[in-house]
>>> print(open('coords-v8.cif').read())   # mmCIF, C-alpha atoms
data_model
#
loop_
_atom_site.label_atom_id
_atom_site.label_comp_id
_atom_site.auth_asym_id
_atom_site.auth_seq_id
_atom_site.Cartn_x
_atom_site.Cartn_y
_atom_site.Cartn_z
CA MET V 1 100.58 121.77 86.57
CA PRO V 2 104.14 120.63 87.45
CA LEU V 3 104.61 117.80 89.90
CA ARG V 4 105.08 118.80 93.53
CA ALA V 5 108.40 117.03 94.07
CA LYS V 6 111.06 114.85 92.48
CA LEU V 7 111.95 111.42 93.82
CA LEU V 8 114.43 108.58 93.25
CA LEU V 9 113.79 104.96 94.22
CA ILE V 10 116.96 102.89 94.70
CA VAL V 11 116.30 99.12 94.80
CA LEU V 12 119.17 96.91 96.00
CA ASP V 13 117.99 93.44 95.07
CA GLY V 14 118.02 90.68 97.68
CA LEU V 15 119.17 92.38 100.89
CA PRO V 16 117.62 91.18 104.17
CA TRP V 17 116.75 93.49 107.07
CA ARG V 18 119.50 92.31 109.42
CA ASN V 19 122.27 93.09 106.94
CA TRP V 20 120.99 96.56 106.11
CA ARG V 21 121.12 97.64 109.72
CA LYS V 22 124.42 95.93 110.53
CA TYR V 23 126.56 96.67 107.48
CA MET V 24 125.28 99.81 105.70
CA GLY V 25 127.24 102.25 107.82
CA ASN V 26 126.70 105.37 105.74
CA LEU V 27 122.93 104.87 105.61
CA GLU V 28 122.85 104.17 109.33
CA GLY V 29 124.98 107.24 109.97
CA TRP V 30 122.42 109.43 108.18
CA VAL V 31 119.68 107.89 110.31
CA GLN V 32 121.72 108.57 113.43
CA SER V 33 122.26 112.20 112.42
CA GLY V 34 118.55 112.72 111.72
CA GLU V 35 118.98 113.17 107.96
CA ALA V 36 117.08 109.96 107.13
CA ARG V 37 114.40 107.68 108.55
CA VAL V 38 114.36 103.88 108.34
CA TRP V 39 111.56 101.34 108.63
CA LYS V 40 111.20 97.61 108.10
CA MET V 41 109.15 96.65 105.02
CA ARG V 42 107.72 93.24 104.16
CA SER V 43 107.55 91.91 100.61
CA VAL V 44 104.65 90.28 98.85
CA LEU V 45 104.42 86.53 98.33
CA PRO V 46 105.98 84.89 96.50
CA SER V 47 109.09 86.82 97.51
CA THR V 48 110.46 86.17 94.04
CA SER V 49 112.29 88.98 92.24
CA ALA V 50 109.96 89.47 89.26
CA SER V 51 106.86 89.23 91.46
CA CYS V 52 108.24 91.89 93.78
CA TYR V 53 109.24 94.21 90.90
CA ALA V 54 105.71 94.19 89.55
CA SER V 55 104.21 94.81 93.00
CA ILE V 56 106.65 97.61 93.84
CA HIS V 57 105.45 99.60 90.84
CA THR V 58 101.75 98.66 90.66
CA GLY V 59 100.88 98.46 94.35
CA VAL V 60 98.98 95.20 93.80
CA SER V 61 99.84 91.65 94.81
CA PRO V 62 101.18 88.91 92.51
CA GLN V 63 97.79 87.24 92.83
CA VAL V 64 96.34 90.31 91.05
CA HIS V 65 99.03 91.22 88.50
CA HIS V 66 99.85 87.50 87.88
CA VAL V 67 103.64 87.86 87.73
CA VAL V 68 104.16 84.81 89.91
CA SER V 69 107.70 83.75 88.93
CA ASN V 70 110.80 84.94 87.09
CA GLU V 71 109.47 83.10 84.03
CA THR V 72 106.10 84.89 83.81
CA LEU V 73 107.21 87.93 81.84
CA PHE V 74 104.60 90.09 80.13
CA ARG V 75 103.34 93.68 79.96
CA VAL V 76 101.50 94.24 83.25
CA GLU V 77 97.94 95.57 82.84
CA GLN V 78 97.58 97.61 86.04
CA PRO V 79 98.54 101.29 86.28
CA ASP V 80 102.05 101.77 87.67
CA ILE V 81 104.33 104.55 88.85
CA PHE V 82 105.80 105.20 85.38
CA SER V 83 102.43 105.46 83.66
CA GLU V 84 100.88 107.69 86.31
CA VAL V 85 103.84 110.09 86.49
CA VAL V 86 103.78 110.55 82.71
CA LYS V 87 99.98 111.06 82.76
CA ALA V 88 100.56 113.79 85.35
CA GLY V 89 103.01 115.57 83.02
CA GLY V 90 106.26 114.26 84.49
CA MET V 91 109.32 112.53 83.04
CA THR V 92 110.51 109.14 84.22
CA GLY V 93 113.86 107.37 84.10
CA ALA V 94 114.88 103.77 84.70
CA VAL V 95 118.32 102.23 85.16
CA THR V 96 117.33 98.65 85.86
CA HIS V 97 117.22 95.02 84.86
CA SER V 98 115.35 94.49 81.59
CA PHE V 99 112.41 92.87 83.42
CA TRP V 100 111.24 96.39 84.36
CA SER V 101 111.09 97.41 80.70
CA MET V 102 109.05 94.31 79.87
CA PHE V 103 106.60 94.77 82.73
CA PHE V 104 106.01 98.48 82.22
CA ASN V 105 106.78 99.29 78.58
CA ARG V 106 106.77 96.41 76.07
CA VAL V 107 107.57 92.77 75.37
CA PRO V 108 109.56 91.04 74.09
CA PHE V 109 112.73 92.85 75.17
CA ASP V 110 114.96 93.60 72.16
CA PRO V 111 118.59 93.80 73.38
CA VAL V 112 119.48 96.15 70.51
CA GLY V 113 116.41 98.38 70.40
CA ASP V 114 115.50 98.39 74.09
CA ILE V 115 118.82 98.42 75.93
CA GLU V 116 118.64 102.23 75.76
CA TYR V 117 115.75 104.41 74.66
CA ASP V 118 114.37 107.92 75.00
CA GLU V 119 110.62 108.04 74.33
CA PRO V 120 108.87 111.31 75.27
CA ASP V 121 105.44 109.65 75.42
CA GLY V 122 106.70 107.12 77.95
CA PRO V 123 105.65 105.46 80.14
CA ILE V 124 109.40 105.10 80.66
CA THR V 125 110.71 108.35 79.24
CA HIS V 126 114.40 107.51 79.50
CA GLY V 127 115.32 103.83 79.83
CA ARG V 128 118.77 102.30 80.34
CA PHE V 129 118.68 98.54 80.89
CA HIS V 130 120.86 95.47 81.41
CA THR V 131 119.88 91.82 80.90
CA MET V 132 122.38 89.66 82.84
CA THR V 133 122.19 87.19 79.95
CA GLY V 134 124.34 84.15 80.74
CA TYR V 135 123.95 84.53 84.52
CA ASN V 136 124.88 81.42 86.48
CA HIS V 137 126.42 80.37 89.79
CA LYS V 138 129.96 80.92 88.55
CA ASN V 139 129.40 84.20 86.70
CA GLN V 140 127.12 86.93 88.06
CA MET V 141 126.94 88.85 84.76
CA THR V 142 126.12 92.04 86.69
CA PRO V 143 127.26 95.49 85.52
CA SER V 144 129.39 97.75 87.70
CA ASP V 145 127.19 99.43 90.28
CA THR V 146 129.20 102.64 89.96
CA ASP V 147 128.28 102.68 86.27
CA LEU V 148 124.60 102.19 87.09
CA PHE V 149 124.60 104.97 89.69
CA ALA V 150 126.44 107.26 87.29
CA THR V 151 123.89 106.51 84.56
CA LEU V 152 120.99 107.46 86.84
CA THR V 153 122.84 110.66 87.75
CA MET V 154 123.29 111.41 84.04
CA LEU V 155 119.53 111.09 83.50
CA ILE V 156 118.98 113.50 86.38
CA GLU V 157 121.44 116.10 85.20
CA ARG V 158 120.91 115.77 81.44
CA HIS V 159 117.13 115.30 81.32
CA GLY V 160 115.79 116.56 84.67
CA ILE V 161 113.63 113.48 85.24
CA ASP V 162 110.91 113.80 87.90
CA TYR V 163 110.96 110.16 88.95
CA GLY V 164 113.85 107.76 88.58
CA ILE V 165 114.46 104.18 89.62
CA LEU V 166 117.76 102.34 89.92
CA HIS V 167 117.75 98.59 90.39
CA THR V 168 120.89 96.51 90.85
CA CYS V 169 121.11 92.73 91.21
CA THR V 170 124.67 92.57 92.56
CA LEU V 171 123.84 91.75 96.18
CA ASP V 172 121.13 89.26 95.23
CA SER V 173 123.58 87.50 92.92
CA MET V 174 126.27 87.50 95.62
CA GLY V 175 123.75 86.04 98.05
CA HIS V 176 122.79 83.23 95.68
CA ARG V 177 126.47 82.47 95.18
CA TYR V 178 127.83 82.76 98.72
CA GLY V 179 124.89 83.20 101.13
CA HIS V 180 124.52 86.20 103.42
CA ASP V 181 126.80 85.25 106.28
CA CYS V 182 130.28 85.30 104.81
CA ARG V 183 133.28 87.52 104.19
CA GLU V 184 132.43 87.94 100.50
CA MET V 185 129.01 89.41 101.35
CA ASP V 186 130.51 91.64 104.05
CA ASP V 187 132.82 93.15 101.43
CA ALA V 188 130.02 93.52 98.87
CA LEU V 189 127.82 95.37 101.37
CA PHE V 190 130.70 97.65 102.34
CA ALA V 191 131.29 98.48 98.67
CA MET V 192 127.60 99.17 97.94
CA ASP V 193 127.29 101.43 100.96
CA ALA V 194 130.33 103.40 99.78
CA ILE V 195 128.86 103.83 96.28
CA LEU V 196 125.64 105.17 97.78
CA ALA V 197 127.66 107.59 99.90
CA ALA V 198 129.37 108.92 96.77
CA PHE V 199 126.15 109.65 94.86
CA LEU V 200 123.35 110.24 97.35
CA PRO V 201 124.42 113.72 98.52
CA ARG V 202 124.57 114.81 94.88
CA TRP V 203 120.97 113.67 94.33
CA LEU V 204 119.78 115.45 97.46
CA LYS V 205 121.57 118.63 96.40
CA ALA V 206 119.75 118.41 93.06
CA GLY V 207 116.43 118.55 94.93
CA TYR V 208 115.36 114.90 94.97
CA GLU V 209 113.75 112.95 97.74
CA VAL V 210 115.37 109.51 97.90
CA MET V 211 114.18 106.07 99.01
CA VAL V 212 116.72 103.26 99.33
CA THR V 213 115.26 99.79 99.75
CA ALA V 214 115.18 96.19 98.47
CA ASP V 215 112.68 93.99 96.67
CA HIS V 216 112.97 91.09 99.15
CA GLY V 217 115.35 89.57 101.68
CA GLN V 218 117.41 86.39 101.41
CA THR V 219 118.44 83.51 103.68
CA ASP V 220 121.97 82.66 104.77
CA ARG V 221 121.78 79.82 102.22
CA GLY V 222 120.99 82.37 99.48
CA HIS V 223 117.31 81.64 98.98
CA HIS V 224 114.11 83.67 98.72
CA GLY V 225 110.65 83.18 97.28
CA GLY V 226 108.84 81.86 100.32
CA SER V 227 107.56 83.35 103.56
CA GLY V 228 109.50 84.22 106.70
CA ASP V 229 111.42 87.18 108.03
CA GLU V 230 114.70 86.43 106.27
CA MET V 231 113.10 86.16 102.84
CA GLN V 232 110.46 88.88 103.13
CA ASP V 233 111.80 91.64 105.39
CA PHE V 234 114.16 94.43 104.36
CA ALA V 235 114.83 98.09 105.14
CA LEU V 236 113.48 101.26 103.57
CA TYR V 237 115.54 104.41 104.16
CA TYR V 238 113.88 107.73 103.35
CA PHE V 239 115.52 111.09 102.72
CA GLY V 240 112.90 113.82 102.41
CA ALA V 241 110.45 116.14 104.12
CA GLY V 242 107.52 113.71 104.37
CA LYS V 243 106.30 112.69 107.81
CA GLY V 244 106.30 108.94 108.37
CA PRO V 245 105.12 106.52 111.04
CA GLU V 246 106.80 105.78 114.33
CA ASP V 247 109.95 103.72 114.45
CA GLY V 248 109.17 100.02 114.60
CA VAL V 249 106.11 100.13 112.33
CA LEU V 250 106.16 97.31 109.75
CA LEU V 251 105.45 98.63 106.26
CA ASP V 252 103.78 96.67 103.46
CA GLN V 253 105.47 96.58 100.05
CA LEU V 254 102.11 97.44 98.47
CA GLN V 255 102.31 100.84 100.17
CA LEU V 256 105.36 101.83 98.16
CA ALA V 257 103.73 102.77 94.83
CA PRO V 258 100.98 105.00 96.27
CA THR V 259 103.50 106.63 98.61
CA VAL V 260 105.83 107.51 95.72
CA LEU V 261 102.96 108.97 93.67
CA GLU V 262 101.66 111.01 96.61
CA ARG V 263 105.11 112.44 97.31
CA LEU V 264 105.43 113.43 93.64
CA GLY V 265 101.96 114.98 93.60
CA ALA V 266 100.59 112.60 90.96
CA PRO V 267 97.10 111.06 91.28
CA VAL V 268 96.98 107.61 92.87
CA PRO V 269 94.90 105.16 90.77
CA ALA V 270 92.04 103.24 92.38
CA THR V 271 93.90 99.95 91.88
CA MET V 272 96.47 101.02 94.51
CA LYS V 273 94.45 100.35 97.64
CA ALA V 274 97.21 100.44 100.27
CA GLU V 275 97.68 103.70 102.16
CA SER V 276 100.70 105.93 101.76
CA PHE V 277 103.11 105.70 104.69
CA LEU V 278 104.24 109.33 104.27
CA ARG V 279 102.27 112.54 104.53
#
>>> encode(input="coords-v8.cif", output="structure tokens")
Amino acid sequence: MPLRAKLLLIVLDGLPWRNWRKYMGNLEGWVQSGEARVWKMRSVLPSTSASCYASIHTGVSPQVHHVVSNETLFRVEQPDIFSEVVKAGGMTGAVTHSFWSMFFNRVPFDPVGDIEYDEPDGPITHGRFHTMTGYNHKNQMTPSDTDLFATLTMLIERHGIDYGILHTCTLDSMGHRYGHDCREMDDALFAMDAILAAFLPRWLKAGYEVMVTADHGQTDRGHHGGSGDEMQDFALYYFGAGKGPEDGVLLDQLQLAPTVLERLGAPVPATMKAESFLR
């Protein structure tokens, strides 16, 4: 049986709630026009990037999957969105940091063999990755976001993937470099919002539901990993026909994986105990 729907998950790394709502004018315009819904979501702890990536896709906490830092990199044991979509007969695509390939496909990451692959048996059917090797305070080592968005769109139009994820570290890297209350971040948010505006209507026209969210927030000093609203809270924008909760409801990051699978029509594994926030 084919999956019921197609869905894209867009993860903008390191963007706190207050800056989503204040600076992402195109996304907010779609909410205002009734074409999208938005809720606040809270990350797991630690609110560290790798920990959040693993929880986003498995629906379990870092205390269960054991990815507790950016240095604990291994193939995660729990079922995840990629594996369950492929089991249900679907195709997956990823345009992300290489950590996602390590967590959900194989380790170690081979920059030559794994930077791009097409493997029909999955769990990641079509993978396109970047490593940010050499990243430091002076050099972000992030690819062009337009290139990443175009690559995801290529996977959609060339391969007809059922589920796709795009993950970009640009805003997180900008936050670590400059903090979140500065002219440089204002300009970066403006640019990211414009890139989304260029591609999102094309994805919707192709028949995809779309979620745009973050993995965690970030402080004005450019930090995350701990608890607190600035580090844990971010927005989730949803474009699709699913019915969600009332405005103002705080969502749990562990709800994301089962919600994605339910929207696609794939079985939700017993390890994902949080309830879907869409019906």
>>> closest_residue(input="coords-v8.cif", among="V:Glu262, V:Asp252, V:Asp147, V:Glu184", to="V:Gly59", atoms="all atoms listed in the file")
V:Asp252
>>> residues_near_point(input="coords-v8.cif", point="(108.3, 109.0, 80.1)", cutoff="9 Å", atoms="only C-alpha atoms", output="PyMOL selection string")
chain V and resi 82-83+85-87+89-93+118-127+161
>>> write_last_selection(input="coords-v8.cif", atoms="C-alpha atoms", output="JSON list (two decimals), in the frame of the given file")
[["chain", "number", "residue", "atom", "x", "y", "z"],
["V", 82, "PHE", "CA", 105.80, 105.20, 85.38],
["V", 83, "SER", "CA", 102.43, 105.46, 83.66],
["V", 85, "VAL", "CA", 103.84, 110.09, 86.49],
["V", 86, "VAL", "CA", 103.78, 110.55, 82.71],
["V", 87, "LYS", "CA", 99.98, 111.06, 82.76],
["V", 89, "GLY", "CA", 103.01, 115.57, 83.02],
["V", 90, "GLY", "CA", 106.26, 114.26, 84.49],
["V", 91, "MET", "CA", 109.32, 112.53, 83.04],
["V", 92, "THR", "CA", 110.51, 109.14, 84.22],
["V", 93, "GLY", "CA", 113.86, 107.37, 84.10],
["V", 118, "ASP", "CA", 114.37, 107.92, 75.00],
["V", 119, "GLU", "CA", 110.62, 108.04, 74.33],
["V", 120, "PRO", "CA", 108.87, 111.31, 75.27],
["V", 121, "ASP", "CA", 105.44, 109.65, 75.42],
["V", 122, "GLY", "CA", 106.70, 107.12, 77.95],
["V", 123, "PRO", "CA", 105.65, 105.46, 80.14],
["V", 124, "ILE", "CA", 109.40, 105.10, 80.66],
["V", 125, "THR", "CA", 110.71, 108.35, 79.24],
["V", 126, "HIS", "CA", 114.40, 107.51, 79.50],
["V", 127, "GLY", "CA", 115.32, 103.83, 79.83],
["V", 161, "ILE", "CA", 113.63, 113.48, 85.24]]
>>> resolve_selection(input="coords-v8.cif", expression="the PyMOL selection byres ((chain V and resi 143) around 10)", output="list of chain:residue names")
V:His130, V:Thr131, V:Met132, V:Gln140, V:Met141, V:Thr142, V:Ser144, V:Asp145, V:Thr146, V:Asp147, V:Leu148, V:Thr168, V:Cys169, V:Thr170
>>> closest_residue(input="coords-v8.cif", among="V:Phe239, V:Leu9, V:Gln253, V:Gly226", to="V:Leu152", atoms="all atoms listed in the file")
V:Leu9
>>> resolve_selection(input="coords-v8.cif", expression="the PyMOL selection byres ((chain V and resi 17) around 6)", output="list in words")
Pro16, Arg18, Asn19, Trp20, Asp233, Phe234 and Ala235 of chain V
>>> resolve_selection(input="coords-v8.cif", expression="the PyMOL selection byres ((chain V and resi 196) around 10)", output="VMD selection string")
chain V and resid 10 24 26 to 27 145 to 146 149 191 to 195 197 to 201 212
>>> write_last_selection(input="coords-v8.cif", atoms="C-alpha atoms", output="PDB file, in the frame of the given file")
ATOM      1  CA  ILE V  10     116.960 102.890  94.700  1.00  0.00           C
ATOM      2  CA  MET V  24     125.280  99.810 105.700  1.00  0.00           C
ATOM      3  CA  ASN V  26     126.700 105.370 105.740  1.00  0.00           C
ATOM      4  CA  LEU V  27     122.930 104.870 105.610  1.00  0.00           C
ATOM      5  CA  ASP V 145     127.190  99.430  90.280  1.00  0.00           C
ATOM      6  CA  THR V 146     129.200 102.640  89.960  1.00  0.00           C
ATOM      7  CA  PHE V 149     124.600 104.970  89.690  1.00  0.00           C
ATOM      8  CA  ALA V 191     131.290  98.480  98.670  1.00  0.00           C
ATOM      9  CA  MET V 192     127.600  99.170  97.940  1.00  0.00           C
ATOM     10  CA  ASP V 193     127.290 101.430 100.960  1.00  0.00           C
ATOM     11  CA  ALA V 194     130.330 103.400  99.780  1.00  0.00           C
ATOM     12  CA  ILE V 195     128.860 103.830  96.280  1.00  0.00           C
ATOM     13  CA  ALA V 197     127.660 107.590  99.900  1.00  0.00           C
ATOM     14  CA  ALA V 198     129.370 108.920  96.770  1.00  0.00           C
ATOM     15  CA  PHE V 199     126.150 109.650  94.860  1.00  0.00           C
ATOM     16  CA  LEU V 200     123.350 110.240  97.350  1.00  0.00           C
ATOM     17  CA  PRO V 201     124.420 113.720  98.520  1.00  0.00           C
ATOM     18  CA  VAL V 212     116.720 103.260  99.330  1.00  0.00           C
TER      19      VAL V 212
END
>>> residues_around(input="coords-v8.cif", residues="V:Ala266", least_positions_apart="2", cutoff="8 Å", atoms="all atoms listed in the file", output="ChimeraX atom specification")
/V:3,84-85,88,261-264,268
>>> closest_residue(input="coords-v8.cif", among="V:His216, V:His65, V:Arg279, V:Lys40", to="V:Tyr237", atoms="all atoms listed in the file")
V:Lys40
>>> closest_residue(input="coords-v8.cif", among="V:Ser47, V:Cys52, V:His223, V:Met102", to="V:Leu73", atoms="all atoms listed in the file")
V:Met102
>>> residues_around(input="coords-v8.cif", residues="V:Ile56", least_positions_apart="4", cutoff="9 Å", atoms="all atoms listed in the file", output="number ranges by chain")
V: 43, 51-52, 60, 80-81, 215, 253-257
>>> residues_around(input="coords-v8.cif", residues="V:Asp172", least_positions_apart="3", cutoff="10 Å", atoms="all atoms listed in the file", output="list in words")
Leu12, Asp13, Gly14, Leu15, Pro16, Ser49, Gln140, Thr168, Cys169, Gly175, His176, Arg177, Tyr178, Gly179, His180, Met185, Ala214, Asp215, His216, Gly217, Gln218, Gly222, His223 and His224 of chain V
